[in-house]
Amino acid sequence: MEKKAPQIVENPRVALFLRGEKCSNIAQLVLTDIHLLKSPFAVKFTRKNPIHPFEDASSLEFFSEKNDASMIVFANHSKKRPHCVTVVRCFDYKVLDMLELYVDPDTLRTLSQFKTSKPAVGLKPMIAFSGTLFDSPTPNVYTLAKSLFSDLFRGQDAAEVDVEGLQYIIHFAAEEEQDGNPKPQIHMRVYKIITQRSGQKLPRIEVE
């Protein structure tokens, strides 16, 4: 009970990763990769759960309290909701926000497909958003996505930052919205940051 009580310095947001009764391989791959990026502040369940987030959120709230998790990433699949990943934010173990996203299987690339070194577990990522939709003065699904993704990946609060520890960046991008066209996709990409000598005080930065 003491751990669940309000703290002067709150612990980093723990994310719980769940899968529904039906979950496509595509959605499971996304769940696995986001879990790796979120580690060590992540708990992943492998069992199937009969959860329908937008019909009844009580199961999500139960799991949130049981695991002291304020973020939930839920994956499921159906004909009407293919390769669906729902990001949920809780407050006081009650659902506060939910955003349903559909993964594009044609453009999905997993971490394992990139034959490069991966960021070490526990490193704090830099997060960037490109696109005016994320900064709209009127709340919309994109401003909600920005808020949820920022909370999901922010990690521990840091009073000071060691430049050597800034080893990767998570980048979200969305094109301009056009009348008559579907809502622009949100593109999520993860880059490793490479610092090289530049002959000056500041290093030259490249991304991979």
# chains A, B, ... in the order shown; residues from 1 in each chain; ligands from 1
>>> residues_around(residues="region 125-135 of chain A", least_positions_apart="5", cutoff="9 Å", atoms="only C-alpha atoms", output="VMD selection string")
chain A and resid 37 140 to 146 149 to 150 153 to 155 165 to 177
>>> write_last_selection(atoms="C-alpha atoms", output="PDB file, in the first residue's frame")
ATOM      1  CA  LEU A  37      12.218  -0.188 -26.185  1.00  0.00           C
ATOM      2  CA  ASN A 140      -7.171  15.881 -31.945  1.00  0.00           C
ATOM      3  CA  VAL A 141      -6.009  12.271 -32.324  1.00  0.00           C
ATOM      4  CA  TYR A 142      -2.502  13.470 -33.205  1.00  0.00           C
ATOM      5  CA  THR A 143      -2.070  15.660 -30.132  1.00  0.00           C
ATOM      6  CA  LEU A 144      -3.397  12.714 -28.097  1.00  0.00           C
ATOM      7  CA  ALA A 145      -0.880  10.402 -29.810  1.00  0.00           C
ATOM      8  CA  LYS A 146       1.946  12.829 -29.003  1.00  0.00           C
ATOM      9  CA  PHE A 149       3.818   8.328 -26.819  1.00  0.00           C
ATOM     10  CA  SER A 150       5.699  10.919 -24.755  1.00  0.00           C
ATOM     11  CA  PHE A 153       8.709   6.317 -23.696  1.00  0.00           C
ATOM     12  CA  ARG A 154       9.872   9.126 -21.391  1.00  0.00           C
ATOM     13  CA  GLY A 155      11.547   6.816 -18.847  1.00  0.00           C
ATOM     14  CA  GLY A 165      23.921   8.280 -22.698  1.00  0.00           C
ATOM     15  CA  LEU A 166      21.961   9.806 -25.584  1.00  0.00           C
ATOM     16  CA  GLN A 167      22.298   6.842 -27.892  1.00  0.00           C
ATOM     17  CA  TYR A 168      18.991   6.677 -29.719  1.00  0.00           C
ATOM     18  CA  ILE A 169      16.000   8.721 -30.809  1.00  0.00           C
ATOM     19  CA  ILE A 170      12.370   7.729 -31.404  1.00  0.00           C
ATOM     20  CA  HIS A 171      10.868   9.810 -34.200  1.00  0.00           C
ATOM     21  CA  PHE A 172       7.181  10.209 -35.056  1.00  0.00           C
ATOM     22  CA  ALA A 173       6.077  11.905 -38.265  1.00  0.00           C
ATOM     23  CA  ALA A 174       2.755  12.715 -39.922  1.00  0.00           C
ATOM     24  CA  GLU A 175       2.032  14.522 -43.180  1.00  0.00           C
ATOM     25  CA  GLU A 176      -0.402  17.393 -43.575  1.00  0.00           C
ATOM     26  CA  GLU A 177      -4.104  16.547 -43.457  1.00  0.00           C
TER      27      GLU A 177
END
>>> residues_around(residues="region 85-102 of chain A", least_positions_apart="4", cutoff="6 Å", atoms="only C-alpha atoms", output="VMD selection string")
chain A and resid 61 64 to 65 70 to 75
>>> select_by_dssp(residues="region 72-175 of chain A", states="strand (DSSP E or B)", output="CSV table (one decimal) with N, CA, C and O atoms, in the first residue's frame")
chain,number,residue,atom,x,y,z
A,72,ILE,N,-0.8,1.0,-20.6
A,72,ILE,CA,-1.1,-0.4,-21.1
A,72,ILE,C,-1.0,-0.3,-22.7
A,72,ILE,O,-1.5,0.6,-23.3
A,73,VAL,N,-0.4,-1.3,-23.2
A,73,VAL,CA,-0.4,-1.5,-24.7
A,73,VAL,C,-1.0,-2.8,-25.0
A,73,VAL,O,-0.5,-3.9,-24.6
A,74,PHE,N,-2.1,-2.8,-25.7
A,74,PHE,CA,-3.0,-3.9,-25.9
A,74,PHE,C,-3.1,-4.2,-27.4
A,74,PHE,O,-3.4,-3.4,-28.2
A,75,ALA,N,-2.8,-5.5,-27.8
A,75,ALA,CA,-2.8,-5.9,-29.2
A,75,ALA,C,-3.9,-6.9,-29.4
A,75,ALA,O,-4.0,-7.9,-28.6
A,76,ASN,N,-4.6,-6.8,-30.5
A,76,ASN,CA,-5.6,-7.7,-30.9
A,76,ASN,C,-5.8,-7.6,-32.4
A,76,ASN,O,-5.3,-6.8,-33.1
A,84,CYS,N,-4.4,-4.5,-34.7
A,84,CYS,CA,-4.8,-3.4,-33.9
A,84,CYS,C,-3.9,-3.3,-32.6
A,84,CYS,O,-3.7,-4.3,-31.9
A,85,VAL,N,-3.4,-2.1,-32.4
A,85,VAL,CA,-2.6,-1.9,-31.1
A,85,VAL,C,-3.3,-0.7,-30.4
A,85,VAL,O,-3.4,0.4,-31.0
A,86,THR,N,-3.7,-0.9,-29.2
A,86,THR,CA,-4.4,0.2,-28.4
A,86,THR,C,-3.5,0.7,-27.3
A,86,THR,O,-3.0,-0.2,-26.5
A,87,VAL,N,-3.2,1.9,-27.3
A,87,VAL,CA,-2.4,2.5,-26.2
A,87,VAL,C,-3.3,3.1,-25.2
A,87,VAL,O,-4.2,4.0,-25.5
A,88,VAL,N,-3.1,2.8,-23.9
A,88,VAL,CA,-4.0,3.2,-22.8
A,88,VAL,C,-3.2,3.9,-21.7
A,88,VAL,O,-2.2,3.4,-21.4
A,89,ARG,N,-3.8,5.0,-21.3
A,89,ARG,CA,-3.2,5.7,-20.1
A,89,ARG,C,-4.1,5.7,-19.0
A,89,ARG,O,-5.3,6.0,-19.1
A,90,CYS,N,-3.6,5.3,-17.8
A,90,CYS,CA,-4.5,5.3,-16.6
A,90,CYS,C,-4.1,6.3,-15.6
A,90,CYS,O,-2.9,6.7,-15.5
A,91,PHE,N,-5.0,6.7,-14.8
A,91,PHE,CA,-4.8,7.6,-13.7
A,91,PHE,C,-5.5,7.0,-12.5
A,91,PHE,O,-6.7,6.8,-12.5
A,94,LYS,N,-7.6,4.0,-13.2
A,94,LYS,CA,-8.8,4.2,-14.0
A,94,LYS,C,-8.4,4.7,-15.4
A,94,LYS,O,-7.5,5.5,-15.5
A,95,VAL,N,-9.0,4.1,-16.4
A,95,VAL,CA,-8.7,4.5,-17.7
A,95,VAL,C,-8.9,6.0,-18.0
A,95,VAL,O,-10.0,6.5,-17.7
A,96,LEU,N,-7.9,6.7,-18.4
A,96,LEU,CA,-8.0,8.1,-18.7
A,96,LEU,C,-8.1,8.4,-20.2
A,96,LEU,O,-8.9,9.2,-20.6
A,97,ASP,N,-7.2,7.8,-21.0
A,97,ASP,CA,-7.2,8.0,-22.4
A,97,ASP,C,-6.9,6.7,-23.1
A,97,ASP,O,-6.2,5.8,-22.6
A,98,MET,N,-7.5,6.5,-24.3
A,98,MET,CA,-7.2,5.4,-25.2
A,98,MET,C,-7.1,5.8,-26.6
A,98,MET,O,-7.8,6.7,-27.1
A,99,LEU,N,-6.1,5.2,-27.3
A,99,LEU,CA,-6.0,5.5,-28.7
A,99,LEU,C,-5.8,4.2,-29.5
A,99,LEU,O,-4.9,3.4,-29.2
A,100,GLU,N,-6.6,4.0,-30.5
A,100,GLU,CA,-6.6,2.7,-31.2
A,100,GLU,C,-5.8,3.0,-32.5
A,100,GLU,O,-6.1,3.9,-33.3
A,101,LEU,N,-4.8,2.2,-32.8
A,101,LEU,CA,-3.9,2.3,-33.9
A,101,LEU,C,-3.9,1.0,-34.7
A,101,LEU,O,-4.0,-0.1,-34.2
A,102,TYR,N,-3.8,1.2,-36.0
A,102,TYR,CA,-3.7,0.0,-36.9
A,102,TYR,C,-2.4,-0.1,-37.6
A,102,TYR,O,-1.9,0.9,-38.2
A,126,MET,N,15.7,10.0,-26.7
A,126,MET,CA,15.2,11.3,-27.2
A,126,MET,C,13.9,11.1,-28.0
A,126,MET,O,13.9,10.0,-28.7
A,127,ILE,N,13.0,11.9,-27.9
A,127,ILE,CA,11.7,11.7,-28.7
A,127,ILE,C,11.5,13.0,-29.5
A,127,ILE,O,11.5,14.1,-29.0
A,128,ALA,N,11.2,12.8,-30.8
A,128,ALA,CA,10.9,13.9,-31.7
A,128,ALA,C,9.6,13.7,-32.5
A,128,ALA,O,9.3,12.6,-32.8
A,129,PHE,N,8.9,14.8,-32.7
A,129,PHE,CA,7.6,14.7,-33.5
A,129,PHE,C,7.7,15.7,-34.6
A,129,PHE,O,8.1,16.9,-34.4
A,130,SER,N,7.5,15.3,-35.9
A,130,SER,CA,7.5,16.1,-37.1
A,130,SER,C,6.1,16.2,-37.7
A,130,SER,O,5.5,15.1,-37.9
A,168,TYR,N,20.0,6.9,-28.7
A,168,TYR,CA,19.0,6.7,-29.7
A,168,TYR,C,17.8,7.7,-29.6
A,168,TYR,O,17.6,8.3,-28.6
A,169,ILE,N,17.1,7.8,-30.7
A,169,ILE,CA,16.0,8.7,-30.8
A,169,ILE,C,14.8,8.0,-31.4
A,169,ILE,O,14.9,7.2,-32.4
A,170,ILE,N,13.6,8.3,-30.9
A,170,ILE,CA,12.4,7.7,-31.4
A,170,ILE,C,11.7,8.9,-32.1
A,170,ILE,O,11.4,9.9,-31.5
A,171,HIS,N,11.4,8.7,-33.4
A,171,HIS,CA,10.9,9.8,-34.2
A,171,HIS,C,9.5,9.5,-34.7
A,171,HIS,O,9.3,8.4,-35.3
A,172,PHE,N,8.5,10.4,-34.5
A,172,PHE,CA,7.2,10.2,-35.1
A,172,PHE,C,6.9,11.3,-36.1
A,172,PHE,O,7.2,12.5,-35.8
A,173,ALA,N,6.3,10.9,-37.2
A,173,ALA,CA,6.1,11.9,-38.3
A,173,ALA,C,4.7,11.7,-38.9
A,173,ALA,O,4.2,10.5,-38.9
>>> residues_around(residues="Val207 (chain A)", least_positions_apart="4", cutoff="7 Å", atoms="only C-alpha atoms", output="list in words")
Tyr191, Lys192, Ile193 and Ile194 of chain A
>>> write_last_selection(atoms="all heavy atoms", output="PDB file, in the first residue's frame")
ATOM      1  N   TYR A 191      16.077   5.542 -34.429  1.00  0.00           N
ATOM      2  CA  TYR A 191      17.419   5.729 -34.966  1.00  0.00           C
ATOM      3  C   TYR A 191      18.460   5.618 -33.858  1.00  0.00           C
ATOM      4  O   TYR A 191      18.244   6.113 -32.744  1.00  0.00           O
ATOM      5  CB  TYR A 191      17.557   7.119 -35.607  1.00  0.00           C
ATOM      6  CG  TYR A 191      16.654   7.364 -36.788  1.00  0.00           C
ATOM      7  CD1 TYR A 191      15.447   8.050 -36.625  1.00  0.00           C
ATOM      8  CD2 TYR A 191      17.001   6.941 -38.067  1.00  0.00           C
ATOM      9  CE1 TYR A 191      14.615   8.297 -37.702  1.00  0.00           C
ATOM     10  CE2 TYR A 191      16.174   7.190 -39.150  1.00  0.00           C
ATOM     11  CZ  TYR A 191      14.982   7.863 -38.962  1.00  0.00           C
ATOM     12  OH  TYR A 191      14.153   8.113 -40.027  1.00  0.00           O
ATOM     13  N   LYS A 192      19.581   5.001 -34.195  1.00  0.00           N
ATOM     14  CA  LYS A 192      20.722   5.015 -33.287  1.00  0.00           C
ATOM     15  C   LYS A 192      21.524   6.279 -33.576  1.00  0.00           C
ATOM     16  O   LYS A 192      21.705   6.674 -34.731  1.00  0.00           O
ATOM     17  CB  LYS A 192      21.594   3.772 -33.498  1.00  0.00           C
ATOM     18  CG  LYS A 192      22.762   3.706 -32.532  1.00  0.00           C
ATOM     19  CD  LYS A 192      23.636   2.495 -32.785  1.00  0.00           C
ATOM     20  CE  LYS A 192      24.832   2.514 -31.834  1.00  0.00           C
ATOM     21  NZ  LYS A 192      25.789   1.427 -32.120  1.00  0.00           N
ATOM     22  N   ILE A 193      21.995   6.939 -32.515  1.00  0.00           N
ATOM     23  CA  ILE A 193      22.773   8.168 -32.660  1.00  0.00           C
ATOM     24  C   ILE A 193      24.258   7.828 -32.636  1.00  0.00           C
ATOM     25  O   ILE A 193      24.733   7.146 -31.726  1.00  0.00           O
ATOM     26  CB  ILE A 193      22.420   9.164 -31.546  1.00  0.00           C
ATOM     27  CG1 ILE A 193      20.954   9.581 -31.660  1.00  0.00           C
ATOM     28  CG2 ILE A 193      23.325  10.398 -31.613  1.00  0.00           C
ATOM     29  CD1 ILE A 193      20.446  10.390 -30.502  1.00  0.00           C
ATOM     30  N   ILE A 194      24.978   8.301 -33.639  1.00  0.00           N
ATOM     31  CA  ILE A 194      26.417   8.058 -33.734  1.00  0.00           C
ATOM     32  C   ILE A 194      27.140   9.390 -33.664  1.00  0.00           C
ATOM     33  O   ILE A 194      26.844  10.310 -34.440  1.00  0.00           O
ATOM     34  CB  ILE A 194      26.761   7.340 -35.056  1.00  0.00           C
ATOM     35  CG1 ILE A 194      25.986   6.008 -35.151  1.00  0.00           C
ATOM     36  CG2 ILE A 194      28.261   7.092 -35.170  1.00  0.00           C
ATOM     37  CD1 ILE A 194      26.036   5.369 -36.506  1.00  0.00           C
TER      38      ILE A 194
END
>>> select_by_dssp(residues="region 2-203 of chain A", states="helix (DSSP H, G or I)", output="ChimeraX atom specification")
/A:25-38,58-66,111-113,132-135,141-153,163-165
>>> write_last_selection(atoms="C-alpha atoms", output="compact mmCIF listing (two decimals), in the first residue's frame")
# COMPACT_ATOMS: atom_id res chain seq x y z
CA ASN A 25 1.60 -12.07 -35.76
CA ILE A 26 2.05 -8.48 -37.01
CA ALA A 27 0.51 -7.02 -33.84
CA GLN A 28 2.57 -9.36 -31.66
CA LEU A 29 5.79 -8.23 -33.37
CA VAL A 30 4.91 -4.61 -32.61
CA LEU A 31 4.14 -5.51 -28.99
CA THR A 32 7.52 -7.25 -28.66
CA ASP A 33 9.50 -4.35 -30.13
CA ILE A 34 7.80 -1.65 -28.05
CA HIS A 35 8.31 -3.82 -24.97
CA LEU A 36 12.06 -3.97 -25.75
CA LEU A 37 12.22 -0.19 -26.18
CA LYS A 38 10.31 0.37 -22.94
CA SER A 58 -12.78 -2.92 -16.12
CA SER A 59 -10.28 -5.66 -17.05
CA LEU A 60 -7.68 -3.08 -18.04
CA GLU A 61 -8.20 -1.23 -14.77
CA PHE A 62 -7.82 -4.49 -12.83
CA PHE A 63 -4.52 -5.28 -14.55
CA SER A 64 -3.37 -1.68 -14.07
CA GLU A 65 -3.86 -1.81 -10.30
CA LYS A 66 -2.54 -5.37 -9.91
CA LEU A 111 14.19 -4.41 -34.64
CA SER A 112 15.58 -7.83 -35.50
CA GLN A 113 15.54 -7.00 -39.22
CA THR A 132 1.95 20.42 -37.59
CA LEU A 133 -0.84 17.99 -36.62
CA PHE A 134 1.05 17.11 -33.44
CA ASP A 135 1.12 20.78 -32.38
CA VAL A 141 -6.01 12.27 -32.32
CA TYR A 142 -2.50 13.47 -33.21
CA THR A 143 -2.07 15.66 -30.13
CA LEU A 144 -3.40 12.71 -28.10
CA ALA A 145 -0.88 10.40 -29.81
CA LYS A 146 1.95 12.83 -29.00
CA SER A 147 0.92 12.96 -25.35
CA LEU A 148 0.55 9.17 -25.05
CA PHE A 149 3.82 8.33 -26.82
CA SER A 150 5.70 10.92 -24.75
CA ASP A 151 4.40 9.35 -21.54
CA LEU A 152 5.05 5.82 -22.79
CA PHE A 153 8.71 6.32 -23.70
CA VAL A 163 25.64 13.19 -23.67
CA GLU A 164 27.22 9.73 -23.91
CA GLY A 165 23.92 8.28 -22.70
>>> closest_residue(among="A:Thr116, A:Asp162, A:Arg47, A:Ser136", to="Lys22 (chain A)", atoms="only C-alpha atoms")
A:Arg47
>>> atom_distance(atom1="CA of Pro40 (chain A)", atom2="CA of Leu16 (chain A)")
11.4 Å
>>> atom_distance(atom1="CA of Ala42 (chain A)", atom2="CA of Ala15 (chain A)")
4.8 Å
>>> atom_distance(atom1="CA of Lys124 (chain A)", atom2="CA of Thr46 (chain A)")
25.8 Å
>>> closest_residue(among="A:Arg19, A:Lys79, A:Arg204, A:Lys183", to="Asn49 (chain A)", atoms="only C-alpha atoms")
A:Arg19
>>> decode(residues="region 147-177 of chain A", atoms="N, CA and C atoms", output="PDB file, in the first residue's frame")
ATOM      1  N   SER A 147       0.941  13.018 -26.809  1.00  0.00           N
ATOM      2  CA  SER A 147       0.916  12.963 -25.349  1.00  0.00           C
ATOM      3  C   SER A 147       1.127  11.532 -24.844  1.00  0.00           C
ATOM      4  N   LEU A 148       0.446  10.560 -25.485  1.00  0.00           N
ATOM      5  CA  LEU A 148       0.553   9.165 -25.052  1.00  0.00           C
ATOM      6  C   LEU A 148       1.940   8.602 -25.313  1.00  0.00           C
ATOM      7  N   PHE A 149       2.496   8.853 -26.495  1.00  0.00           N
ATOM      8  CA  PHE A 149       3.818   8.328 -26.819  1.00  0.00           C
ATOM      9  C   PHE A 149       4.900   8.975 -25.945  1.00  0.00           C
ATOM     10  N   SER A 150       4.733  10.247 -25.631  1.00  0.00           N
ATOM     11  CA  SER A 150       5.699  10.919 -24.755  1.00  0.00           C
ATOM     12  C   SER A 150       5.696  10.284 -23.370  1.00  0.00           C
ATOM     13  N   ASP A 151       4.510  10.001 -22.851  1.00  0.00           N
ATOM     14  CA  ASP A 151       4.401   9.353 -21.540  1.00  0.00           C
ATOM     15  C   ASP A 151       4.927   7.923 -21.580  1.00  0.00           C
ATOM     16  N   LEU A 152       4.660   7.228 -22.682  1.00  0.00           N
ATOM     17  CA  LEU A 152       5.049   5.821 -22.788  1.00  0.00           C
ATOM     18  C   LEU A 152       6.568   5.648 -22.787  1.00  0.00           C
ATOM     19  N   PHE A 153       7.275   6.525 -23.497  1.00  0.00           N
ATOM     20  CA  PHE A 153       8.709   6.317 -23.696  1.00  0.00           C
ATOM     21  C   PHE A 153       9.605   7.231 -22.859  1.00  0.00           C
ATOM     22  N   ARG A 154       9.048   8.105 -22.038  1.00  0.00           N
ATOM     23  CA  ARG A 154       9.872   9.126 -21.391  1.00  0.00           C
ATOM     24  C   ARG A 154      10.878   8.558 -20.392  1.00  0.00           C
ATOM     25  N   GLY A 155      10.590   7.426 -19.782  1.00  0.00           N
ATOM     26  CA  GLY A 155      11.547   6.816 -18.847  1.00  0.00           C
ATOM     27  C   GLY A 155      11.668   7.595 -17.558  1.00  0.00           C
ATOM     28  N   GLN A 156      12.826   7.480 -16.912  1.00  0.00           N
ATOM     29  CA  GLN A 156      13.050   8.137 -15.631  1.00  0.00           C
ATOM     30  C   GLN A 156      13.303   9.629 -15.819  1.00  0.00           C
ATOM     31  N   ASP A 157      12.827  10.426 -14.852  1.00  0.00           N
ATOM     32  CA  ASP A 157      13.171  11.848 -14.856  1.00  0.00           C
ATOM     33  C   ASP A 157      14.649  11.992 -14.542  1.00  0.00           C
ATOM     34  N   ALA A 158      15.301  12.917 -15.227  1.00  0.00           N
ATOM     35  CA  ALA A 158      16.739  13.109 -15.041  1.00  0.00           C
ATOM     36  C   ALA A 158      17.037  14.580 -14.804  1.00  0.00           C
ATOM     37  N   ALA A 159      17.747  14.874 -13.699  1.00  0.00           N
ATOM     38  CA  ALA A 159      18.135  16.249 -13.401  1.00  0.00           C
ATOM     39  C   ALA A 159      19.276  16.699 -14.314  1.00  0.00           C
ATOM     40  N   GLU A 160      20.137  15.741 -14.670  1.00  0.00           N
ATOM     41  CA  GLU A 160      21.255  16.038 -15.565  1.00  0.00           C
ATOM     42  C   GLU A 160      21.308  14.968 -16.651  1.00  0.00           C
ATOM     43  N   VAL A 161      21.869  15.332 -17.783  1.00  0.00           N
ATOM     44  CA  VAL A 161      21.949  14.404 -18.905  1.00  0.00           C
ATOM     45  C   VAL A 161      23.396  14.236 -19.336  1.00  0.00           C
ATOM     46  N   ASP A 162      23.832  12.988 -19.415  1.00  0.00           N
ATOM     47  CA  ASP A 162      25.158  12.681 -19.935  1.00  0.00           C
ATOM     48  C   ASP A 162      25.024  12.477 -21.442  1.00  0.00           C
ATOM     49  N   VAL A 163      25.751  13.271 -22.217  1.00  0.00           N
ATOM     50  CA  VAL A 163      25.640  13.189 -23.674  1.00  0.00           C
ATOM     51  C   VAL A 163      25.959  11.782 -24.176  1.00  0.00           C
ATOM     52  N   GLU A 164      26.867  11.083 -23.497  1.00  0.00           N
ATOM     53  CA  GLU A 164      27.222   9.726 -23.909  1.00  0.00           C
ATOM     54  C   GLU A 164      26.022   8.773 -23.787  1.00  0.00           C
ATOM     55  N   GLY A 165      25.090   9.135 -22.906  1.00  0.00           N
ATOM     56  CA  GLY A 165      23.921   8.280 -22.698  1.00  0.00           C
ATOM     57  C   GLY A 165      22.836   8.484 -23.735  1.00  0.00           C
ATOM     58  N   LEU A 166      22.957   9.545 -24.539  1.00  0.00           N
ATOM     59  CA  LEU A 166      21.961   9.806 -25.584  1.00  0.00           C
ATOM     60  C   LEU A 166      22.332   8.992 -26.818  1.00  0.00           C
ATOM     61  N   GLN A 167      21.863   7.764 -26.846  1.00  0.00           N
ATOM     62  CA  GLN A 167      22.298   6.842 -27.892  1.00  0.00           C
ATOM     63  C   GLN A 167      21.234   6.524 -28.933  1.00  0.00           C
ATOM     64  N   TYR A 168      19.993   6.917 -28.670  1.00  0.00           N
ATOM     65  CA  TYR A 168      18.991   6.677 -29.719  1.00  0.00           C
ATOM     66  C   TYR A 168      17.830   7.653 -29.610  1.00  0.00           C
ATOM     67  N   ILE A 169      17.121   7.786 -30.730  1.00  0.00           N
ATOM     68  CA  ILE A 169      16.000   8.721 -30.809  1.00  0.00           C
ATOM     69  C   ILE A 169      14.797   8.009 -31.422  1.00  0.00           C
ATOM     70  N   ILE A 170      13.628   8.254 -30.859  1.00  0.00           N
ATOM     71  CA  ILE A 170      12.370   7.729 -31.404  1.00  0.00           C
ATOM     72  C   ILE A 170      11.670   8.886 -32.103  1.00  0.00           C
ATOM     73  N   HIS A 171      11.400   8.717 -33.381  1.00  0.00           N
ATOM     74  CA  HIS A 171      10.868   9.810 -34.200  1.00  0.00           C
ATOM     75  C   HIS A 171       9.484   9.457 -34.738  1.00  0.00           C
ATOM     76  N   PHE A 172       8.547  10.372 -34.544  1.00  0.00           N
ATOM     77  CA  PHE A 172       7.181  10.209 -35.056  1.00  0.00           C
ATOM     78  C   PHE A 172       6.923  11.310 -36.086  1.00  0.00           C
ATOM     79  N   ALA A 173       6.341  10.933 -37.206  1.00  0.00           N
ATOM     80  CA  ALA A 173       6.077  11.905 -38.265  1.00  0.00           C
ATOM     81  C   ALA A 173       4.690  11.681 -38.855  1.00  0.00           C
ATOM     82  N   ALA A 174       4.062  12.781 -39.256  1.00  0.00           N
ATOM     83  CA  ALA A 174       2.755  12.715 -39.922  1.00  0.00           C
ATOM     84  C   ALA A 174       2.682  13.834 -40.947  1.00  0.00           C
ATOM     85  N   GLU A 175       2.156  13.522 -42.133  1.00  0.00           N
ATOM     86  CA  GLU A 175       2.032  14.522 -43.180  1.00  0.00           C
ATOM     87  C   GLU A 175       0.848  15.447 -42.892  1.00  0.00           C
ATOM     88  N   GLU A 176       0.704  16.455 -43.732  1.00  0.00           N
ATOM     89  CA  GLU A 176      -0.402  17.393 -43.575  1.00  0.00           C
ATOM     90  C   GLU A 176      -1.727  16.701 -43.909  1.00  0.00           C
ATOM     91  N   GLU A 177      -2.774  17.102 -43.212  1.00  0.00           N
ATOM     92  CA  GLU A 177      -4.104  16.547 -43.457  1.00  0.00           C
ATOM     93  C   GLU A 177      -4.734  17.238 -44.656  1.00  0.00           C
TER      94      GLU A 177
END
